[in-house]
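Enquirer: The file below is data_31.tsv, TSV, C-alpha atoms:
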chain	number	residue	atom	x	y	z
A	294	MET	CA	35.99	10.11	-1.61
A	295	ARG	CA	34.01	9.03	-4.70
A	296	PHE	CA	30.64	7.29	-4.80
A	297	GLN	CA	27.38	7.08	-6.77
A	298	ALA	CA	24.61	9.62	-6.37
A	299	ALA	CA	21.49	10.74	-8.25
A	300	VAL	CA	22.09	14.24	-9.61
A	301	LEU	CA	19.35	16.58	-10.81
A	302	ARG	CA	20.99	18.94	-13.29
A	303	SER	CA	18.00	20.94	-14.49
A	304	TYR	CA	14.36	21.39	-13.55
A	305	GLU	CA	13.21	19.51	-16.67
A	306	ASP	CA	15.74	16.67	-16.96
A	307	PRO	CA	15.52	13.24	-15.32
A	308	PHE	CA	17.85	12.31	-12.49
A	309	ALA	CA	21.25	11.02	-13.59
A	310	VAL	CA	23.03	8.46	-11.43
A	311	GLU	CA	26.70	9.36	-11.66
A	312	GLU	CA	29.93	9.47	-9.73
A	313	VAL	CA	30.36	12.36	-7.30
A	314	ALA	CA	33.21	13.35	-5.01
A	315	LEU	CA	33.11	14.44	-1.40
A	316	ARG	CA	36.11	16.64	-0.75
A	317	THR	CA	36.36	16.71	3.04
A	318	GLU	CA	36.41	14.65	6.21
A	319	PRO	CA	33.71	15.22	8.86
A	320	ALA	CA	34.15	18.60	10.53
A	321	ASP	CA	33.08	19.49	14.08
A	322	GLY	CA	29.75	17.91	14.89
A	323	GLU	CA	29.46	16.01	11.60
A	324	LEU	CA	28.90	12.39	10.63
A	325	LEU	CA	29.61	10.46	7.44
A	326	VAL	CA	26.72	8.03	6.92
A	327	GLU	CA	26.57	5.12	4.50
A	328	ILE	CA	23.02	5.35	3.21
A	329	ALA	CA	21.03	2.11	3.39
A	330	GLY	CA	17.80	3.62	2.06
A	331	CYS	CA	16.27	7.00	1.31
A	332	GLY	CA	12.59	7.83	0.94
A	333	MET	CA	11.39	9.94	-1.97
A	334	CYS	CA	9.28	12.83	-0.69
A	335	ARG	CA	6.99	15.21	-2.60
A	336	THR	CA	9.28	18.02	-1.45
A	337	ASP	CA	12.13	16.47	-3.45
A	338	LEU	CA	9.96	16.37	-6.56
A	339	ALA	CA	8.63	19.89	-5.97
A	340	VAL	CA	12.11	21.23	-6.77
A	341	ARG	CA	11.07	20.96	-10.43
A	342	ARG	CA	8.40	23.58	-9.72
A	343	SER	CA	10.52	25.84	-7.53
A	344	ALA	CA	10.97	28.55	-10.19
A	345	GLY	CA	14.74	28.48	-9.82
A	346	ARG	CA	14.80	29.04	-6.07
A	347	SER	CA	16.47	25.70	-5.30
A	348	PRO	CA	20.05	25.69	-6.61
A	349	LEU	CA	20.99	23.10	-9.25
A	350	PRO	CA	22.75	20.86	-10.09
A	351	ALA	CA	22.14	19.10	-6.80
A	352	VAL	CA	21.89	15.79	-5.04
A	353	LEU	CA	18.47	15.75	-3.40
A	354	GLY	CA	17.02	13.30	-0.89
A	355	HIS	CA	16.08	14.09	2.70
A	356	GLU	CA	14.63	10.89	4.15
A	357	GLY	CA	17.89	9.01	4.54
A	358	ALA	CA	18.85	6.28	6.97
A	359	GLY	CA	22.01	4.26	7.31
A	360	VAL	CA	25.12	3.46	9.31
A	361	VAL	CA	27.71	5.94	10.59
A	362	VAL	CA	31.14	5.18	9.11
A	363	ARG	CA	33.09	8.25	10.31
A	364	THR	CA	32.69	11.05	12.83
A	365	ASP	CA	34.62	14.18	13.69
A	366	GLY	CA	36.07	12.28	16.65
A	367	GLY	CA	35.17	15.06	19.08
A	368	PRO	CA	33.76	14.47	22.57
A	369	ASP	CA	30.56	16.40	21.75
A	370	THR	CA	29.44	13.94	19.07
A	371	ALA	CA	27.36	11.40	20.98
A	372	ILE	CA	26.73	9.21	17.93
A	373	GLY	CA	29.59	6.89	17.02
A	374	VAL	CA	30.89	4.74	14.20
A	375	GLY	CA	28.64	1.75	13.61
A	376	ASP	CA	25.51	3.41	14.97
A	377	HIS	CA	22.34	3.11	12.90
A	378	VAL	CA	20.70	6.49	12.31
A	379	VAL	CA	17.65	8.10	10.75
A	380	LEU	CA	18.32	11.50	9.20
A	381	SER	CA	15.85	14.35	9.56
A	382	PHE	CA	15.69	18.07	8.75
A	383	ASP	CA	18.44	20.56	9.59
A	384	SER	CA	18.16	23.34	12.18
A	385	CYS	CA	20.57	25.81	13.71
A	386	GLY	CA	20.18	24.73	17.35
A	387	HIS	CA	20.54	28.17	18.86
A	388	CYS	CA	17.65	30.41	17.70
A	389	TRP	CA	14.61	31.10	19.88
A	390	ASN	CA	12.53	28.26	18.42
A	391	CYS	CA	15.33	25.69	18.42
A	392	ARG	CA	16.04	26.46	22.07
A	393	GLY	CA	12.29	26.16	22.70
A	394	ALA	CA	12.14	22.57	21.37
A	395	ALA	CA	10.55	23.67	18.09
A	396	PRO	CA	13.33	23.02	15.53
A	397	ALA	CA	10.87	22.78	12.61
A	398	TYR	CA	10.34	26.53	13.06
A	399	CYS	CA	14.05	27.35	13.15
A	400	ASP	CA	14.78	30.91	12.05
A	401	SER	CA	17.14	29.46	9.43
A	402	PHE	CA	14.95	26.56	8.28
A	403	ALA	CA	14.55	27.71	4.68
A	404	SER	CA	18.19	28.60	4.16
A	405	LEU	CA	19.49	25.43	5.82
A	406	ASN	CA	17.13	22.99	4.15
A	407	LEU	CA	15.93	24.46	0.87
A	408	PHE	CA	18.00	27.30	-0.50
A	409	GLY	CA	21.67	26.62	-0.09
A	410	GLY	CA	22.47	25.10	3.27
A	411	ARG	CA	25.28	26.18	5.54
A	412	LYS	CA	28.06	28.36	4.14
A	413	GLU	CA	30.68	25.76	4.97
A	414	ASP	CA	28.91	23.19	2.77
A	415	VAL	CA	29.54	25.00	-0.53
A	416	PRO	CA	32.77	23.40	-1.84
A	417	ARG	CA	32.25	19.92	-0.50
A	418	LEU	CA	30.33	17.96	-3.14
A	419	THR	CA	31.41	17.95	-6.79
A	420	ASP	CA	30.77	15.84	-9.86
A	421	ALA	CA	33.43	13.63	-11.45
A	422	THR	CA	34.84	16.55	-13.45
A	423	GLY	CA	35.18	18.81	-10.39
A	424	GLY	CA	32.05	20.82	-11.15
A	425	ALA	CA	30.37	22.12	-8.01
A	426	LEU	CA	27.08	20.64	-6.85
A	427	ALA	CA	24.68	22.56	-4.64
A	428	PRO	CA	25.19	22.41	-0.87
A	429	ARG	CA	23.50	19.55	0.92
A	430	TRP	CA	19.73	19.36	0.69
A	431	PHE	CA	18.00	19.31	4.09
A	432	GLY	CA	21.41	18.78	5.62
A	433	GLN	CA	21.67	15.41	3.83
A	434	SER	CA	21.60	15.04	0.03
A	435	SER	CA	20.90	11.37	0.63
A	436	PHE	CA	19.97	10.17	-2.87
A	437	ALA	CA	23.47	8.77	-2.71
A	438	GLU	CA	25.64	6.01	-1.31
A	439	TYR	CA	27.00	8.34	1.39
A	440	ALA	CA	25.91	11.57	3.08
A	441	LEU	CA	27.89	13.99	5.23
A	442	VAL	CA	25.45	15.37	7.81
A	443	PRO	CA	25.37	17.48	10.97
A	444	ALA	CA	25.03	15.20	13.97
A	445	ARG	CA	22.02	17.34	14.93
A	446	ASN	CA	20.19	15.83	11.92
A	447	ALA	CA	20.74	12.24	13.03
A	448	VAL	CA	18.67	10.11	15.40
A	449	ARG	CA	20.19	6.87	16.66
A	450	VAL	CA	17.89	3.83	16.30
A	451	ASP	CA	17.92	0.18	17.36
A	452	PRO	CA	20.26	-1.76	15.03
A	453	ALA	CA	17.75	-4.65	15.06
A	454	LEU	CA	15.35	-2.50	12.99
A	455	PRO	CA	15.36	-2.65	9.15
A	456	VAL	CA	17.39	0.53	8.71
A	457	GLU	CA	16.91	0.62	4.93
A	458	LEU	CA	13.17	1.26	5.49
A	459	LEU	CA	13.40	3.84	8.28
A	460	GLY	CA	14.28	6.99	6.31
A	461	PRO	CA	10.68	8.23	5.79
A	462	LEU	CA	10.36	8.47	9.57
A	463	GLY	CA	12.61	11.53	9.26
A	464	CYS	CA	10.12	13.60	7.25
A	465	GLY	CA	6.96	12.27	5.58
A	466	PHE	CA	5.81	9.83	8.25
A	467	LEU	CA	7.10	12.15	10.98
A	468	THR	CA	4.95	14.97	9.57
A	469	GLY	CA	1.67	13.05	9.50
A	470	ALA	CA	2.17	11.23	12.78
A	471	GLY	CA	3.51	14.34	14.49
A	472	ALA	CA	0.46	16.37	13.50
A	473	VAL	CA	-1.75	13.84	15.28
A	474	LEU	CA	0.43	13.07	18.30
A	475	ASN	CA	2.11	16.46	18.86
A	476	THR	CA	-0.01	19.22	17.35
A	477	PHE	CA	-3.44	17.75	18.06
A	478	GLY	CA	-2.48	15.52	20.96
A	479	ALA	CA	-5.23	13.16	19.83
A	480	GLY	CA	-6.28	10.34	22.12
A	481	PRO	CA	-9.12	7.92	22.89
A	482	GLY	CA	-12.52	9.43	22.12
A	483	ASP	CA	-11.17	12.12	19.81
A	484	THR	CA	-12.23	12.36	16.17
A	485	LEU	CA	-10.07	13.19	13.16
A	486	ALA	CA	-10.70	13.74	9.45
A	487	VAL	CA	-7.69	13.30	7.14
A	488	PHE	CA	-7.88	14.80	3.66
A	489	GLY	CA	-5.48	13.05	1.29
A	490	ALA	CA	-4.39	9.44	1.85
A	491	GLY	CA	-0.81	9.72	0.64
A	492	ALA	CA	2.27	9.09	2.77
A	493	VAL	CA	1.63	11.97	5.18
A	494	GLY	CA	-2.11	11.34	5.43
A	495	LEU	CA	-1.74	7.61	5.99
A	496	ALA	CA	0.91	8.22	8.65
A	497	ALA	CA	-1.68	10.41	10.36
A	498	VAL	CA	-4.24	7.60	10.07
A	499	MET	CA	-1.82	5.10	11.63
A	500	ALA	CA	-0.94	7.47	14.46
A	501	ALA	CA	-4.59	8.25	15.16
A	502	THR	CA	-5.46	4.54	15.21
A	503	ALA	CA	-2.57	3.90	17.60
A	504	ALA	CA	-3.80	6.76	19.80
A	505	GLY	CA	-7.36	5.40	19.92
A	506	ALA	CA	-9.00	8.19	17.90
A	507	LEU	CA	-11.82	7.64	15.39
A	508	THR	CA	-10.58	8.64	11.94
A	509	VAL	CA	-12.21	9.39	8.60
A	510	ALA	CA	-9.94	9.38	5.52
A	511	VAL	CA	-10.86	11.27	2.34
A	512	ASP	CA	-9.20	10.61	-1.03
A	513	ARG	CA	-10.04	10.27	-4.72
A	514	HIS	CA	-8.11	7.03	-5.28
A	515	PRO	CA	-10.01	3.83	-4.35
A	516	ARG	CA	-6.76	1.93	-3.67
A	517	ARG	CA	-5.61	4.59	-1.21
A	518	LEU	CA	-8.99	4.51	0.53
A	519	ALA	CA	-8.81	0.73	0.80
A	520	LEU	CA	-5.38	1.05	2.40
A	521	ALA	CA	-6.66	3.73	4.79
A	522	GLU	CA	-9.50	1.42	5.80
A	523	ARG	CA	-7.06	-1.43	6.42
A	524	LEU	CA	-5.08	0.93	8.67
A	525	GLY	CA	-8.14	1.75	10.77
A	526	ALA	CA	-9.91	4.69	9.10
A	527	ILE	CA	-13.44	5.05	7.76
A	528	PRO	CA	-12.94	5.68	4.00
A	529	LEU	CA	-14.83	8.40	2.12
A	530	PRO	CA	-14.37	9.29	-1.58
A	531	ALA	CA	-13.56	12.96	-2.09
A	532	ALA	CA	-16.49	13.21	-4.52
A	533	THR	CA	-19.03	12.14	-1.87
A	534	PRO	CA	-22.07	14.44	-2.11
A	535	GLY	CA	-22.39	16.58	1.01
A	536	LEU	CA	-18.93	15.51	2.19
A	537	PRO	CA	-18.73	17.78	5.30
A	538	GLU	CA	-22.18	16.71	6.48
A	539	ARG	CA	-21.28	13.05	6.00
A	540	ILE	CA	-18.14	13.50	8.10
A	541	ARG	CA	-20.10	15.27	10.82
A	542	ARG	CA	-22.54	12.34	10.99
A	543	LEU	CA	-19.74	9.77	11.11
A	544	THR	CA	-17.93	11.67	13.90
A	545	GLY	CA	-20.98	12.39	16.04
A	546	GLY	CA	-21.38	16.09	15.36
A	547	GLY	CA	-18.12	16.97	13.63
A	548	ALA	CA	-14.43	16.13	13.83
A	549	GLN	CA	-12.42	17.70	16.63
A	550	TYR	CA	-9.39	17.75	14.35
A	551	ALA	CA	-8.82	17.76	10.59
A	552	LEU	CA	-5.59	17.45	8.65
A	553	ASP	CA	-5.33	18.56	5.03
A	554	THR	CA	-2.45	17.20	2.95
A	555	THR	CA	-3.87	18.20	-0.46
A	556	ALA	CA	-3.54	22.01	-0.61
A	557	SER	CA	-6.87	21.99	-2.48
A	558	PRO	CA	-8.89	25.10	-1.52
A	559	PRO	CA	-12.27	23.34	-1.99
A	560	LEU	CA	-11.16	20.48	0.28
A	561	VAL	CA	-9.75	22.93	2.85
A	562	ASN	CA	-13.19	24.55	3.02
A	563	ASP	CA	-14.83	21.12	3.29
A	564	ALA	CA	-12.43	20.26	6.12
A	565	LEU	CA	-13.41	23.39	8.04
A	566	ARG	CA	-17.11	22.66	7.56
A	567	ALA	CA	-16.55	19.11	8.82
A	568	LEU	CA	-15.24	20.38	12.18
A	569	ARG	CA	-17.29	20.62	15.32
A	570	PRO	CA	-17.33	23.97	17.17
A	571	THR	CA	-13.82	24.80	18.49
A	572	GLY	CA	-12.36	22.21	16.11
A	573	SER	CA	-8.89	22.68	14.59
A	574	LEU	CA	-7.63	22.22	11.04
A	575	GLY	CA	-3.94	21.70	10.28
A	576	LEU	CA	-2.42	22.28	6.86
A	577	VAL	CA	0.82	20.52	5.93
A	578	ALA	CA	1.06	21.03	2.15
A	579	ARG	CA	2.36	24.19	0.52
A	580	LEU	CA	-0.43	26.19	-1.14
A	581	HIS	CA	0.13	27.02	-4.81
A	582	THR	CA	-2.99	29.15	-5.28
A	583	ALA	CA	-4.83	31.70	-3.16
A	584	LEU	CA	-6.88	30.15	-0.38
A	585	THR	CA	-10.30	31.78	-0.15
A	586	LEU	CA	-12.24	30.73	2.92
A	587	GLU	CA	-15.96	30.59	2.32
A	588	PRO	CA	-18.41	32.38	4.67
A	589	GLY	CA	-19.08	30.50	7.86
A	590	THR	CA	-16.13	28.13	7.69
A	591	LEU	CA	-14.30	29.77	10.63
A	592	ASP	CA	-17.39	30.39	12.77
A	593	ARG	CA	-17.94	29.01	16.28
A	594	GLY	CA	-14.35	28.88	17.45
A	595	ARG	CA	-12.90	26.86	14.61
A	596	SER	CA	-9.21	27.49	13.87
A	597	ILE	CA	-6.70	26.84	11.11
A	598	ARG	CA	-2.89	26.73	11.16
A	599	HIS	CA	0.07	25.42	9.23
A	600	ILE	CA	2.05	22.50	10.69
A	601	CYS	CA	5.71	22.05	9.76
A	602	GLU	CA	7.41	18.66	10.18
A	603	GLY	CA	4.73	17.49	12.58
A	604	ASP	CA	5.83	19.98	15.26
A	605	ALA	CA	8.41	17.28	16.00
A	606	VAL	CA	11.65	17.07	17.86
A	607	PRO	CA	12.98	14.18	15.72
A	608	GLY	CA	15.05	12.70	18.54
A	609	LEU	CA	11.85	12.24	20.55
A	610	LEU	CA	9.26	11.32	17.93
A	611	ILE	CA	11.29	8.91	15.77
A	612	PRO	CA	11.99	6.50	18.69
A	613	ARG	CA	8.31	6.73	19.62
A	614	LEU	CA	7.30	5.72	16.07
A	615	THR	CA	9.77	2.84	15.87
A	616	GLY	CA	8.46	1.62	19.23
A	617	LEU	CA	4.91	1.71	17.89
A	618	TRP	CA	6.06	-0.19	14.79
A	619	GLN	CA	7.71	-2.87	16.91
A	620	ALA	CA	4.43	-3.19	18.82
A	621	GLY	CA	2.51	-3.64	15.54
A	622	ARG	CA	0.70	-0.30	15.94
A	623	PHE	CA	2.38	1.84	13.27
A	624	PRO	CA	2.85	-0.45	10.22
A	625	PHE	CA	4.60	2.11	8.01
A	626	ASP	CA	6.39	-0.64	6.08
A	627	GLN	CA	3.05	-1.43	4.39
A	628	LEU	CA	3.28	1.92	2.58
A	629	ILE	CA	6.77	1.36	1.15
A	630	ARG	CA	7.99	0.02	-2.17
A	631	THR	CA	11.76	-0.15	-2.65
A	632	TYR	CA	13.76	0.64	-5.79
A	633	PRO	CA	17.46	0.50	-6.59
A	634	LEU	CA	18.92	4.01	-6.74
A	635	THR	CA	19.51	3.42	-10.45
A	636	ASP	CA	15.70	3.24	-10.90
A	637	ILE	CA	15.10	6.67	-9.35
A	638	ASN	CA	13.28	7.98	-12.42
A	639	GLU	CA	10.90	5.01	-12.37
A	640	ALA	CA	10.27	5.70	-8.69
A	641	GLU	CA	9.47	9.33	-9.50
A	642	ARG	CA	7.03	8.31	-12.25
A	643	ASP	CA	5.31	5.80	-9.97
A	644	CYS	CA	5.07	8.41	-7.21
A	645	ASP	CA	3.59	11.03	-9.55
A	646	ALA	CA	1.09	8.53	-10.94
A	647	GLY	CA	-0.02	7.37	-7.49
A	648	ARG	CA	1.14	3.79	-8.09
A	649	VAL	CA	3.18	3.83	-4.89
A	650	VAL	CA	2.63	5.61	-1.58
A	651	LYS	CA	6.25	5.90	-0.47
A	652	PRO	CA	9.17	4.96	-2.74
A	653	VAL	CA	12.40	4.13	-0.92
A	654	LEU	CA	15.65	4.12	-2.89
A	655	LEU	CA	18.32	1.57	-2.02
A	656	PRO	CA	21.78	2.77	-3.10
A	657	LYS	CA	23.31	-0.69	-2.86
A	658	GLY	CA	20.28	-2.97	-2.84
A	659	ARG	CA	17.55	-4.46	-4.96
A	660	SER	CA	13.87	-3.61	-4.96
A	661	ARG	CA	11.39	-5.86	-3.22
Do you think you could lay out the structure here as structure tokens?
Expert:
Amino acid sequence: MRFQAAVLRSYEDPFAVEEVALRTEPADGELLVEIAGCGMCRTDLAVRRSAGRSPLPAVLGHEGAGVVVRTDGGPDTAIGVGDHVVLSFDSCGHCWNCRGAAPAYCDSFASLNLFGGRKEDVPRLTDATGGALAPRWFGQSSFAEYALVPARNAVRVDPALPVELLGPLGCGFLTGAGAVLNTFGAGPGDTLAVFGAGAVGLAAVMAATAAGALTVAVDRHPRRLALAERLGAIPLPAATPGLPERIRRLTGGGAQYALDTTASPPLVNDALRALRPTGSLGLVARLHTALTLEPGTLDRGRSIRHICEGDAVPGLLIPRLTGLWQAGRFPFDQLIRTYPLTDINEAERDCDAGRVVKPVLLPKGRSR
């Protein structure tokens, strides 16, 4: 089977949209999905800085959504041909954490999603000359017209929804919303400070607004702050003098929860100072430098932890988010700008420059 995909051949080169070949039918528990749209996530772009740990050449993309066109035909595959699905991260399904409804902490998360995938994936995807491409990225490799995925990755959604826009619910929006709804369990009367108003941070703002929590959003881009305000948050520039004290005043003594999406050590320390006693800070971005906590930041019962994929079970959280969207309470579509797959390098430039919150690539469509 031959189709178009965006291939990254080296850490420095742009993506190249070219013909690739998929050399197998769906195996046990697998689905072939025609991709309607795929979000571009910072994790995809971080491959360029991965110091060779992510194998190339590869087809990236891990926020795919589309329509199932083939299955393995087995009785254990509950999703069928014609179903609309959102694709999320891969997990083994049988380790301690997977069996404990915590698939984001799967023992094999790194190997399945980042560094090579499953052993059986190796020979499946090649370029037009027969050259091997890396095993599927996050169980998907969905910067492409088609993706062969484990059924475990796929979440069936209402076919009345705009499937081409739903892909980011599988990672970026799932991460921010999940941190608020799952990790923090925020509700009416709670207070939240979100540091970084990108895709993950704004998903957290939307989820907190839907949950009835008071939210402060911190960012250095005025346009992002204006968007955060429109979505229900109190906006604060990151350069605000006495930022932690200002947040404590706005939240009536300090935020109960804070979410950092920036991986900036100074902002992490500000986030801790902005918490009330016993408050909790969640980190979702990968740190690239040492994090030195300043004296007093963890006093009085404050805590800090990393949150992976919003502590989500995708099959539970994604339907919850689409339901909120249908009710007008999680307007994630306001964060999206679409691009044809052929414009993937423009989408990357716009994402890096902050001109777009969430690019979504349409393999067979036009931007809007």
Enquirer: Given all atoms listed in the file, how would the per-residue table for region 393-452 of chain A near region 305-323 of chain A read, listing every residue at most 6 Å away with its closest atom pair and distance in Å to one decimal, sorted by chain and number, as a Markdown table?
Expert:
| residue | atom | partner | partner_atom | distance |
| --- | --- | --- | --- | --- |
| A:Arg417 | CA | A:Arg316 | CA | 5.1 |
| A:Leu418 | CA | A:Leu315 | CA | 4.8 |
| A:Thr419 | CA | A:Ala314 | CA | 5.3 |
| A:Asp420 | CA | A:Val313 | CA | 4.3 |
| A:Ala421 | CA | A:Val313 | CA | 5.3 |
| A:Val442 | CA | A:Glu323 | CA | 5.6 |
| A:Pro443 | CA | A:Glu323 | CA | 4.4 |
| A:Ala444 | CA | A:Glu323 | CA | 5.1 |
Enquirer: Write a file of the just-selected residues containing C-alpha atoms, as a short mmCIF file (atom, residue, chain, number, x, y, z; two decimals), in the coordinates of the input.
Expert:
data_model
loop_
_atom_site.label_atom_id
_atom_site.label_comp_id
_atom_site.auth_asym_id
_atom_site.auth_seq_id
_atom_site.Cartn_x
_atom_site.Cartn_y
_atom_site.Cartn_z
CA ARG A 417 32.25 19.92 -0.50
CA LEU A 418 30.33 17.96 -3.14
CA THR A 419 31.41 17.95 -6.79
CA ASP A 420 30.77 15.84 -9.86
CA ALA A 421 33.43 13.63 -11.45
CA VAL A 442 25.45 15.37 7.81
CA PRO A 443 25.37 17.48 10.97
CA ALA A 444 25.03 15.20 13.97
#
Enquirer: Restrict the calculation to all atoms listed in the file, then for each residue of region 448-499 of chain A with any atom at most 10 Å from an atom of region 585-600 of chain A give the closest atom pair and their distance in Å to one decimal, rows by chain and rising residue number, as a Markdown table.
Expert:
| residue | atom | partner | partner_atom | distance |
| --- | --- | --- | --- | --- |
| A:Thr468 | CA | A:Ile600 | CA | 8.1 |
| A:Gly469 | CA | A:Ile600 | CA | 9.5 |
| A:Gly471 | CA | A:Ile600 | CA | 9.1 |
| A:Ala472 | CA | A:Ile600 | CA | 6.9 |
| A:Thr476 | CA | A:Ile600 | CA | 7.7 |
Enquirer: Record the distance separating CA of Phe296 (chain A) and CA of Glu356 (chain A), expressed in Å with one decimal.
Expert: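 Computing the Euclidean distance for CA of Phe296 (chain A) and CA of Glu356 (chain A) yields 18.7 Å.
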Enquirer: Tell me which protein, DNA and RNA residues are within 7 Å of Val653 (chain A), counting all atoms listed in the file, leaving out same-chain ones fewer than 2 positions away, and put them as a list in words.
Expert: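 Using all atoms listed in the file, the neighbours found are Gly330, Cys331, Gly332, Met333, Ile629, Arg630, Thr631, Tyr632, Lys651 and Leu655 of chain A.
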Enquirer: Contacts between region 422-441 of chain A and region 304-349 of chain A, please, where a residue of region 304-349 of chain A counts if it comes within 6 Å (with all atoms listed in the file); show its shortest atom pair and distance in Å to one decimal, rows by chain and ascending number, as a Markdown table.
Expert:
| residue | atom | partner | partner_atom | distance |
| --- | --- | --- | --- | --- |
| A:Leu324 | CA | A:Leu441 | CA | 5.7 |
| A:Leu325 | CA | A:Leu441 | CA | 4.5 |
| A:Val326 | CA | A:Ala440 | CA | 5.3 |
| A:Glu327 | CA | A:Tyr439 | CA | 4.5 |
| A:Ile328 | CA | A:Glu438 | CA | 5.3 |
| A:Pro348 | CA | A:Ala427 | CA | 5.9 |
| A:Leu349 | CA | A:Ala427 | CA | 5.9 |
Enquirer: Could you please fill out region 492-506 of chain A with N, CA, C and O atoms and send it back as an mmCIF file, in the coordinates of the input?
Expert:
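Wrote part14.cif, looks like this:
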data_model
loop_
_atom_site.group_PDB
_atom_site.id
_atom_site.type_symbol
_atom_site.label_atom_id
_atom_site.label_comp_id
_atom_site.auth_asym_id
_atom_site.auth_seq_id
_atom_site.Cartn_x
_atom_site.Cartn_y
_atom_site.Cartn_z
ATOM 1 N N ALA A 492 1.362 9.506 1.700
ATOM 2 C CA ALA A 492 2.270 9.090 2.770
ATOM 3 C C ALA A 492 2.006 9.853 4.062
ATOM 4 O O ALA A 492 1.960 9.255 5.151
ATOM 5 N N VAL A 493 1.852 11.167 3.968
ATOM 6 C CA VAL A 493 1.630 11.970 5.180
ATOM 7 C C VAL A 493 0.265 11.658 5.781
ATOM 8 O O VAL A 493 0.122 11.460 6.991
ATOM 9 N N GLY A 494 -0.769 11.611 4.934
ATOM 10 C CA GLY A 494 -2.110 11.340 5.430
ATOM 11 C C GLY A 494 -2.246 9.971 6.059
ATOM 12 O O GLY A 494 -2.891 9.814 7.110
ATOM 13 N N LEU A 495 -1.650 8.954 5.428
ATOM 14 C CA LEU A 495 -1.740 7.610 5.990
ATOM 15 C C LEU A 495 -0.918 7.462 7.265
ATOM 16 O O LEU A 495 -1.278 6.687 8.157
ATOM 17 N N ALA A 496 0.183 8.208 7.371
ATOM 18 C CA ALA A 496 0.910 8.220 8.650
ATOM 19 C C ALA A 496 0.035 8.817 9.743
ATOM 20 O O ALA A 496 0.052 8.350 10.889
ATOM 21 N N ALA A 497 -0.747 9.840 9.390
ATOM 22 C CA ALA A 497 -1.680 10.410 10.360
ATOM 23 C C ALA A 497 -2.741 9.393 10.756
ATOM 24 O O ALA A 497 -3.113 9.285 11.934
ATOM 25 N N VAL A 498 -3.252 8.640 9.777
ATOM 26 C CA VAL A 498 -4.240 7.600 10.070
ATOM 27 C C VAL A 498 -3.656 6.574 11.036
ATOM 28 O O VAL A 498 -4.294 6.193 12.029
ATOM 29 N N MET A 499 -2.441 6.106 10.755
ATOM 30 C CA MET A 499 -1.820 5.100 11.630
ATOM 31 C C MET A 499 -1.622 5.642 13.039
ATOM 32 O O MET A 499 -1.865 4.933 14.028
ATOM 33 N N ALA A 500 -1.165 6.885 13.139
ATOM 34 C CA ALA A 500 -0.940 7.470 14.460
ATOM 35 C C ALA A 500 -2.244 7.641 15.211
ATOM 36 O O ALA A 500 -2.318 7.391 16.427
ATOM 37 N N ALA A 501 -3.299 8.068 14.509
ATOM 38 C CA ALA A 501 -4.590 8.250 15.160
ATOM 39 C C ALA A 501 -5.157 6.917 15.633
ATOM 40 O O ALA A 501 -5.720 6.809 16.732
ATOM 41 N N THR A 502 -4.996 5.865 14.808
ATOM 42 C CA THR A 502 -5.460 4.540 15.210
ATOM 43 C C THR A 502 -4.694 4.074 16.440
ATOM 44 O O THR A 502 -5.278 3.533 17.392
ATOM 45 N N ALA A 503 -3.374 4.291 16.443
ATOM 46 C CA ALA A 503 -2.570 3.900 17.600
ATOM 47 C C ALA A 503 -2.970 4.664 18.846
ATOM 48 O O ALA A 503 -2.895 4.138 19.961
ATOM 49 N N ALA A 504 -3.418 5.927 18.655
ATOM 50 C CA ALA A 504 -3.800 6.760 19.800
ATOM 51 C C ALA A 504 -5.229 6.500 20.271
ATOM 52 O O ALA A 504 -5.646 7.040 21.290
ATOM 53 N N GLY A 505 -5.993 5.708 19.517
ATOM 54 C CA GLY A 505 -7.360 5.400 19.920
ATOM 55 C C GLY A 505 -8.401 6.372 19.420
ATOM 56 O O GLY A 505 -9.546 6.350 19.902
ATOM 57 N N ALA A 506 -8.052 7.224 18.441
ATOM 58 C CA ALA A 506 -9.000 8.190 17.900
ATOM 59 C C ALA A 506 -9.783 7.579 16.737
ATOM 60 O O ALA A 506 -9.263 6.734 16.003
#
